[in-house]
Structures are given as structure tokens and as C-alpha cells.
>>> print(open('model_6.csv').read())   # CSV, C-alpha atoms
chain,number,residue,atom,x,y,z
A,1,MET,CA,61.4,161.2,63.2
A,2,THR,CA,62.8,160.3,59.8
A,3,ASP,CA,63.0,156.8,58.2
A,4,LEU,CA,66.5,156.4,56.9
A,5,GLY,CA,65.8,152.9,55.5
A,6,CYS,CA,67.6,149.7,56.4
A,7,MET,CA,70.6,149.9,58.6
A,8,ARG,CA,73.9,149.1,56.9
A,9,TYR,CA,76.6,149.9,59.4
A,10,PHE,CA,76.5,150.3,63.2
A,11,LEU,CA,79.7,150.8,65.2
A,12,SER,CA,81.8,149.2,62.4
A,13,VAL,CA,79.5,146.2,62.3
A,14,GLU,CA,78.0,145.6,58.8
A,15,VAL,CA,74.3,144.7,58.9
A,16,THR,CA,72.5,142.9,56.1
A,17,GLN,CA,68.7,142.6,56.4
A,18,THR,CA,67.0,140.1,54.2
A,19,SER,CA,63.7,138.2,54.3
A,20,ASN,CA,65.6,135.3,55.8
A,21,GLY,CA,66.9,137.3,58.7
A,22,ILE,CA,69.4,139.9,59.9
A,23,PHE,CA,73.1,139.1,59.4
A,24,ILE,CA,76.1,140.9,60.9
A,25,CYS,CA,79.8,140.8,60.1
A,26,GLN,CA,82.9,142.9,60.6
A,27,ARG,CA,84.8,142.2,57.4
A,28,LYS,CA,85.7,145.9,56.9
A,29,CYS,CA,86.9,146.3,60.5
A,30,ALA,CA,88.9,143.0,60.3
A,31,ASN,CA,90.6,144.1,57.0
A,32,GLU,CA,91.5,147.4,58.6
A,33,VAL,CA,93.1,145.6,61.6
A,34,LEU,CA,95.1,143.4,59.3
A,35,ARG,CA,96.2,146.4,57.2
A,36,ARG,CA,97.2,148.3,60.4
A,37,PHE,CA,99.6,145.6,61.5
A,38,GLY,CA,100.9,144.8,58.0
A,39,LEU,CA,99.2,141.4,57.8
A,40,GLN,CA,96.8,142.0,54.9
A,41,ASN,CA,98.6,139.6,52.5
A,42,CYS,CA,99.1,136.8,55.0
A,43,SER,CA,97.7,133.3,54.3
A,44,SER,CA,94.8,132.3,56.5
A,45,VAL,CA,94.7,129.4,58.9
A,46,LYS,CA,91.7,127.3,59.8
A,47,ASN,CA,92.4,127.0,63.5
A,48,PRO,CA,93.8,129.9,65.6
A,49,ILE,CA,94.8,127.5,68.5
A,50,PHE,CA,98.6,127.2,68.8
A,51,LEU,CA,99.3,123.5,68.4
A,52,TRP,CA,103.0,124.1,67.9
A,53,CYS,CA,103.7,125.8,71.2
A,54,LYS,CA,102.4,126.1,74.7
A,55,LEU,CA,102.1,129.8,75.7
A,56,THR,CA,104.0,130.4,79.0
A,57,LYS,CA,105.3,133.4,80.8
A,58,ASN,CA,108.7,132.8,79.0
A,59,VAL,CA,110.7,135.1,81.3
A,60,GLY,CA,114.0,134.5,79.4
A,61,GLY,CA,112.4,135.2,76.0
A,62,LEU,CA,113.2,138.2,73.8
A,63,LYS,CA,110.7,140.9,74.8
A,64,VAL,CA,108.7,142.9,72.2
A,65,ASN,CA,107.1,146.3,72.2
A,66,ALA,CA,104.3,145.9,74.8
A,67,THR,CA,102.3,148.9,73.4
A,68,ALA,CA,102.1,147.3,70.0
A,69,TYR,CA,101.1,144.0,71.5
A,70,LYS,CA,98.4,145.7,73.5
A,71,GLN,CA,97.1,147.4,70.4
A,72,MET,CA,96.8,144.1,68.6
A,73,VAL,CA,94.9,142.5,71.5
A,74,GLU,CA,92.6,145.5,71.8
A,75,SER,CA,91.9,145.6,68.1
A,76,LEU,CA,91.0,141.9,68.0
A,77,SER,CA,88.9,142.1,71.2
A,78,TYR,CA,86.4,144.2,69.4
A,79,LEU,CA,86.0,141.5,66.7
A,80,ILE,CA,84.8,138.9,69.2
A,81,ALA,CA,81.2,140.3,68.9
A,82,THR,CA,80.9,138.6,65.5
A,83,ARG,CA,83.7,136.0,65.8
A,84,PRO,CA,83.0,134.1,69.0
A,85,SER,CA,85.5,131.4,67.9
A,86,LEU,CA,88.3,133.8,68.8
A,87,MET,CA,87.1,134.2,72.4
A,88,TYR,CA,89.1,131.3,73.9
A,89,VAL,CA,92.3,132.1,72.1
A,90,MET,CA,92.0,135.8,73.0
A,91,SER,CA,91.7,134.8,76.6
A,92,LEU,CA,95.1,133.0,76.2
A,93,VAL,CA,97.0,135.8,74.6
A,94,THR,CA,95.7,138.5,77.0
A,95,ARG,CA,97.4,136.7,79.9
A,96,PHE,CA,100.7,137.9,78.7
A,97,ILE,CA,99.8,141.5,77.9
A,98,GLU,CA,102.2,143.0,80.5
A,99,VAL,CA,105.5,141.4,79.3
A,100,PRO,CA,105.0,139.9,75.8
A,101,THR,CA,107.8,138.1,74.1
A,102,ILE,CA,108.4,137.1,70.5
A,103,MET,CA,106.5,133.8,71.1
A,104,HIS,CA,103.4,135.7,72.3
A,105,GLN,CA,103.6,138.1,69.3
A,106,GLN,CA,103.9,135.2,66.8
A,107,ALA,CA,100.8,133.6,68.5
A,108,MET,CA,99.0,136.9,68.2
A,109,LYS,CA,99.8,137.1,64.5
A,110,MET,CA,98.5,133.6,64.0
A,111,VAL,CA,95.2,134.6,65.6
A,112,MET,CA,95.0,137.5,63.2
A,113,GLN,CA,95.5,135.1,60.3
A,114,LYS,CA,92.2,133.4,61.3
>>> encode(input="model_6.csv", output="C-alpha cells")
Amino acid sequence: MTDLGCMRYFLSVEVTQTSNGIFICQRKCANEVLRRFGLQNCSSVKNPIFLWCKLTKNVGGLKVNATAYKQMVESLSYLIATRPSLMYVMSLVTRFIEVPTIMHQQAMKMVMQK
């Protein structure tokens, strides 16, 4: 066995070990997700809940690329490990993963701004 020192990264989770405790974050992973979907320069919001609209099935709405929407949801699902505040809002947006519309995609982008 070899001692490699303090752990710094594990499964894209950044680990910081100090005398006060062990702290984890996924800043690098979150930045990569934002860059992947072209949202790296967006302004942040304090609350990812959608106060301006109620997410519904919206059968008559303009449909968007379901594959891209699924990729957004899957990318953010991995971040829930260190951002439990996203859990409720992610449960809302995953309900519409089969037939997403523009309203759902806008809500997903708002989640990413958090």
C-alpha cells in the first residue's frame, strides 16, 4: 500500500481536508455543466423555484429537443450530492422529461443559474 496524501478529487467531487473537518463541493463539475449548455455567463438567481409559472404538461406548447433536455436533467442530477437545495426542483423538472416544451426548458435553465 502507498500513502498518496490527502484526497483532492473523487468522482468529480472536490475534497478539502482541514483541521476543522472535511468539506466537499462540485464547483468544477458545475462549471463544466454550465459551459456544456452555453450558460457559463448567465447571471445567478437566489431561488431556483419557479415563482413566475406553474409547470404543467403543456400539451399545446412548442416542443424542444427531448435528448438535450434529458442531458440537462442528468447532468444536474449528479450535482444533488453536494447541492441538496436542488432536489425538490429537480423532482419537478424530471416529471416532464418525455415531452419537454419551451416552458420546461426555460425552467431547467433557471435551475442551472442557481
>>> residues_near_point(input="model_6.csv", point="(91.8, 137.1, 71.4)", cutoff="7 Å", atoms="all atoms listed in the file", output="PDB file with C-alpha atoms, in the frame of the given file")
ATOM      1  CA  VAL A  73      94.900 142.500  71.500  1.00  0.00           C
ATOM      2  CA  LEU A  76      91.000 141.900  68.000  1.00  0.00           C
ATOM      3  CA  SER A  77      88.900 142.100  71.200  1.00  0.00           C
ATOM      4  CA  LEU A  86      88.300 133.800  68.800  1.00  0.00           C
ATOM      5  CA  MET A  87      87.100 134.200  72.400  1.00  0.00           C
ATOM      6  CA  TYR A  88      89.100 131.300  73.900  1.00  0.00           C
ATOM      7  CA  VAL A  89      92.300 132.100  72.100  1.00  0.00           C
ATOM      8  CA  MET A  90      92.000 135.800  73.000  1.00  0.00           C
ATOM      9  CA  SER A  91      91.700 134.800  76.600  1.00  0.00           C
ATOM     10  CA  VAL A  93      97.000 135.800  74.600  1.00  0.00           C
ATOM     11  CA  THR A  94      95.700 138.500  77.000  1.00  0.00           C
TER      12      THR A  94
END
>>> residues_around(input="model_6.csv", residues="segment 11-24 of chain A", least_positions_apart="4", cutoff="10 Å", atoms="only C-alpha atoms", output="list of chain:residue names")
A:Cys6, A:Met7, A:Lys28, A:Cys29, A:Ala30, A:Tyr78, A:Leu79, A:Ala81, A:Thr82
>>> closest_residue(input="model_6.csv", among="A:Ser85, A:Asn31, A:Asn58, A:Asn41", to="His104 of chain A", atoms="only C-alpha atoms")
A:Asn58
>>> closest_residue(input="model_6.csv", among="A:Cys25, A:Leu39, A:Ala68, A:Val111", to="Leu92 of chain A", atoms="all atoms listed in the file")
A:Val111
>>> closest_residue(input="model_6.csv", among="A:Ile80, A:Leu4, A:Ala66, A:Gln113", to="Val99 of chain A", atoms="all atoms listed in the file")
A:Ala66
